[in-house]
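Please read the structure below before turning to the comments.
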Amino acid sequence: MRFTSHMDLALEEARSAAARGEVPVGAVLVDPSGRVVASAGNRTRELNDPSAHAEVLVIRQACAAAGSERLPGHDLYVTLEPCPFCAALIAATRIARLYYGAGDPKSGGVAQGPRIFSHAQAHHVPEIYDGLAGDEAAQLLKAFFAARR
């Protein structure tokens, strides 16, 4: 499976999140063999849980399925630059590679803001690939927030 198809699935999850009234962010977690082990969109409002970010949901699902708190060799695809909370979780989980679409100048925690992976306290730093389907991911977010104003 092409890695862009994983981001396509993350974009589908983001669209589904928007349809539920959630901020349109989607995530997909892929195991070392290339198999999708979890996919989700944001569900903070639906679950009344401020931690129900797409990244958190897929990491929880995959860890439960693996019976482990770590996911070495796994790849995470997410439509928006992870926030500091999610970036810290990615480091704790030991995810190998992070692919994300749109940058997040306001709330990002990877390339902007606190840059979690740059800190000495980051016990693990994944390989990071940004801008994957970034224009499409950014457009989803812009359209969602424009409709709310």
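Simple scheme: letters A, B, ... for chains in structure tokens order, numbers from 1 for residues in each chain, numbers from 1 for ligands in the order shown.
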Using only C-alpha atoms, which residues sit within 8 Å of stretch 27-33 of chain A once same-chain residues fewer than 4 positions away are excluded, as number ranges by chain?
A: 6-7, 9-11, 13-14, 37-41, 54-55, 58-59, 62, 73-79
Let's have the selection written as a tab-separated table (two decimals), in the first residue's frame, with N, CA, C and O atoms.
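Everything below was put into selection.tsv:
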```
chain	number	residue	atom	x	y	z
A	6	HIS	N	-2.40	5.84	2.94
A	6	HIS	CA	-2.63	5.95	4.38
A	6	HIS	C	-3.09	7.36	4.73
A	6	HIS	O	-3.99	7.53	5.56
A	7	MET	N	-2.50	8.36	4.10
A	7	MET	CA	-2.94	9.73	4.36
A	7	MET	C	-4.34	9.94	3.77
A	7	MET	O	-5.14	10.66	4.35
A	9	LEU	N	-6.69	7.76	3.82
A	9	LEU	CA	-7.57	7.23	4.85
A	9	LEU	C	-7.68	8.21	6.02
A	9	LEU	O	-8.77	8.42	6.57
A	10	ALA	N	-6.57	8.84	6.40
A	10	ALA	CA	-6.61	9.84	7.47
A	10	ALA	C	-7.51	11.01	7.06
A	10	ALA	O	-8.28	11.53	7.89
A	11	LEU	N	-7.45	11.41	5.80
A	11	LEU	CA	-8.32	12.49	5.31
A	11	LEU	C	-9.79	12.08	5.35
A	11	LEU	O	-10.65	12.89	5.69
A	13	GLU	N	-11.05	10.04	7.54
A	13	GLU	CA	-11.40	10.14	8.96
A	13	GLU	C	-11.64	11.60	9.36
A	13	GLU	O	-12.54	11.89	10.16
A	14	ALA	N	-10.84	12.51	8.81
A	14	ALA	CA	-11.02	13.94	9.11
A	14	ALA	C	-12.37	14.43	8.58
A	14	ALA	O	-13.08	15.17	9.26
A	37	VAL	N	-3.66	-0.67	11.56
A	37	VAL	CA	-4.12	-1.29	12.81
A	37	VAL	C	-5.15	-0.43	13.53
A	37	VAL	O	-5.86	-0.93	14.40
A	38	ALA	N	-5.24	0.85	13.19
A	38	ALA	CA	-6.24	1.72	13.81
A	38	ALA	C	-6.41	2.97	12.97
A	38	ALA	O	-5.45	3.47	12.37
A	39	SER	N	-7.64	3.48	12.95
A	39	SER	CA	-7.91	4.76	12.29
A	39	SER	C	-9.03	5.43	13.06
A	39	SER	O	-9.92	4.77	13.59
A	40	ALA	N	-8.96	6.76	13.12
A	40	ALA	CA	-9.98	7.51	13.87
A	40	ALA	C	-9.90	8.98	13.49
A	40	ALA	O	-8.88	9.46	13.00
A	41	GLY	N	-10.98	9.66	13.77
A	41	GLY	CA	-11.02	11.11	13.68
A	41	GLY	C	-11.26	11.66	15.07
A	41	GLY	O	-11.58	10.91	16.01
A	54	ALA	N	-7.60	12.55	17.50
A	54	ALA	CA	-7.47	11.42	16.58
A	54	ALA	C	-6.22	10.59	16.89
A	54	ALA	O	-6.28	9.35	16.92
A	55	GLU	N	-5.11	11.25	17.17
A	55	GLU	CA	-3.86	10.54	17.45
A	55	GLU	C	-3.99	9.68	18.71
A	55	GLU	O	-3.55	8.54	18.76
A	58	VAL	N	-6.18	6.50	18.06
A	58	VAL	CA	-5.55	5.39	17.33
A	58	VAL	C	-4.44	4.75	18.15
A	58	VAL	O	-4.26	3.52	18.10
A	59	ILE	N	-3.73	5.54	18.92
A	59	ILE	CA	-2.68	4.97	19.77
A	59	ILE	C	-3.30	4.09	20.84
A	59	ILE	O	-2.81	2.97	21.10
A	62	ALA	N	-4.44	0.79	19.15
A	62	ALA	CA	-3.32	-0.07	18.75
A	62	ALA	C	-2.60	-0.67	19.95
A	62	ALA	O	-2.22	-1.84	19.93
A	73	GLY	N	8.34	0.61	15.47
A	73	GLY	CA	8.19	0.23	14.07
A	73	GLY	C	6.91	0.69	13.42
A	73	GLY	O	6.72	0.53	12.22
A	74	HIS	N	6.00	1.27	14.19
A	74	HIS	CA	4.72	1.73	13.65
A	74	HIS	C	4.86	3.14	13.05
A	74	HIS	O	5.70	3.93	13.47
A	75	ASP	N	4.00	3.42	12.09
A	75	ASP	CA	3.94	4.73	11.44
A	75	ASP	C	2.59	5.37	11.75
A	75	ASP	O	1.56	4.71	11.70
A	76	LEU	N	2.62	6.66	12.06
A	76	LEU	CA	1.41	7.41	12.33
A	76	LEU	C	1.22	8.46	11.24
A	76	LEU	O	2.13	9.24	10.95
A	77	TYR	N	0.05	8.44	10.63
A	77	TYR	CA	-0.34	9.43	9.63
A	77	TYR	C	-1.44	10.27	10.24
A	77	TYR	O	-2.45	9.74	10.72
A	78	VAL	N	-1.26	11.58	10.23
A	78	VAL	CA	-2.27	12.47	10.82
A	78	VAL	C	-2.39	13.71	9.93
A	78	VAL	O	-1.40	14.17	9.36
A	79	THR	N	-3.59	14.22	9.79
A	79	THR	CA	-3.83	15.30	8.85
A	79	THR	C	-3.33	16.65	9.33
A	79	THR	O	-3.13	17.55	8.53
```
Residues of chain A classed as strand (DSSP E) by DSSP on the backbone are to be reported as an NGL selection string.
:A and (26-30 or 36-41 or 75-80 or 97-102 or 127-130)
Within 12 Å of A:Leu47, counting only C-alpha atoms, which residues qualify if same-chain residues fewer than 5 places away don't, as a list of chain:residue names?
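Result of the neighbour search: A:Arg20, A:Glu22, A:Gly41, A:Asn42, A:Ala52, A:His53, A:Leu57.
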Rank A:Glu46, A:Arg60, A:Lys142, A:Ala88 by their smallest atom-to-atom distance to A:Pro114, using only C-alpha atoms, and report the top residue only.
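Of all the options, A:Ala88 lies closest to A:Pro114.
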So that I can see what lies close to A:Arg15, please list as an MDAnalysis selection string the residues with an atom at most 6 Å from it, counting only C-alpha atoms and leaving out residues fewer than 3 positions away in the same chain.
chainID A and resid 12 18 24
Could you turn the residues from that selection into a file that holds N, CA and C atoms, as a tab-separated table (two decimals), in the first residue's frame?
```tsv
chain	number	residue	atom	x	y	z
A	12	GLU	N	-10.08	10.81	5.05
A	12	GLU	CA	-11.45	10.31	5.16
A	12	GLU	C	-11.93	10.41	6.61
A	18	ALA	N	-15.53	16.00	10.72
A	18	ALA	CA	-16.22	17.25	10.40
A	18	ALA	C	-17.72	17.03	10.29
A	24	PRO	N	-11.95	18.74	12.05
A	24	PRO	CA	-11.59	17.69	11.10
A	24	PRO	C	-10.12	17.29	11.11
```
Measure the distance from atom CA of A:Asp130 to atom CA of A:Thr44 in Å and round it to one decimal.
24.2 Å
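Taking atom CA of A:His124 as the reference point, atom CA of A:Arg94 is found at 6.0 Å.
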Could you pull the residues within 12 Å of A:Arg115, counting only C-alpha atoms, minus those fewer than 5 positions along the same chain, as a VMD selection string?
chain A and resid 81 to 88 91 104 to 105 107 to 110 120 to 122 125
Please write the residues from the selection above to a file, keeping N, CA and C atoms, as a compact mmCIF listing (two decimals), in the first residue's frame.
```txt
# COMPACT_ATOMS: atom_id res chain seq x y z
N GLU A 81 -0.55 18.76 12.12
CA GLU A 81 0.59 18.68 13.02
C GLU A 81 0.11 18.40 14.44
N PRO A 82 0.63 17.36 15.07
CA PRO A 82 0.19 17.04 16.43
C PRO A 82 0.46 18.18 17.42
N CYS A 83 -0.47 18.32 18.36
CA CYS A 83 -0.31 19.30 19.44
C CYS A 83 0.77 18.79 20.40
N PRO A 84 1.20 19.60 21.35
CA PRO A 84 2.22 19.15 22.30
C PRO A 84 1.82 17.89 23.07
N PHE A 85 0.56 17.79 23.47
CA PHE A 85 0.07 16.62 24.19
C PHE A 85 0.24 15.35 23.34
N CYS A 86 -0.20 15.43 22.09
CA CYS A 86 -0.11 14.26 21.20
C CYS A 86 1.34 13.95 20.85
N ALA A 87 2.15 14.98 20.66
CA ALA A 87 3.57 14.75 20.36
C ALA A 87 4.26 14.02 21.51
N ALA A 88 3.95 14.40 22.74
CA ALA A 88 4.53 13.71 23.91
C ALA A 88 4.07 12.25 23.94
N ALA A 91 6.02 10.24 21.40
CA ALA A 91 7.35 9.92 21.91
C ALA A 91 7.28 8.79 22.93
N ASP A 104 0.47 23.50 12.05
CA ASP A 104 -0.46 24.17 12.96
C ASP A 104 0.27 25.28 13.72
N PRO A 105 0.31 26.49 13.14
CA PRO A 105 1.03 27.59 13.78
C PRO A 105 0.49 27.97 15.15
N SER A 107 -1.34 25.80 17.45
CA SER A 107 -1.34 24.77 18.49
C SER A 107 -0.39 23.61 18.24
N GLY A 108 0.45 23.71 17.21
CA GLY A 108 1.36 22.61 16.90
C GLY A 108 2.40 22.39 17.98
N GLY A 109 2.88 21.17 18.05
CA GLY A 109 3.90 20.84 19.03
C GLY A 109 5.10 20.12 18.44
N VAL A 110 5.19 20.09 17.11
CA VAL A 110 6.28 19.38 16.44
C VAL A 110 7.24 20.36 15.79
N ALA A 120 15.37 17.83 25.44
CA ALA A 120 16.18 16.74 25.98
C ALA A 120 15.33 15.71 26.69
N GLN A 121 14.16 16.12 27.18
CA GLN A 121 13.27 15.19 27.88
C GLN A 121 12.54 14.23 26.94
N ALA A 122 12.61 14.47 25.64
CA ALA A 122 11.97 13.56 24.68
C ALA A 122 12.82 12.30 24.60
N VAL A 125 12.49 10.17 19.52
CA VAL A 125 12.15 11.11 18.46
C VAL A 125 11.87 10.31 17.20
```
What is the atom CA of A:Asp135-atom CA of A:Ala102 distance in Å, reported with one decimal?
6.7 Å
Considering only helix (DSSP H, G or I) as DSSP defines it on the backbone, what residues of stretch 11-78 of chain A qualify? List them as a PyMOL selection string.
chain A and resi 11-19+44-47+54-66
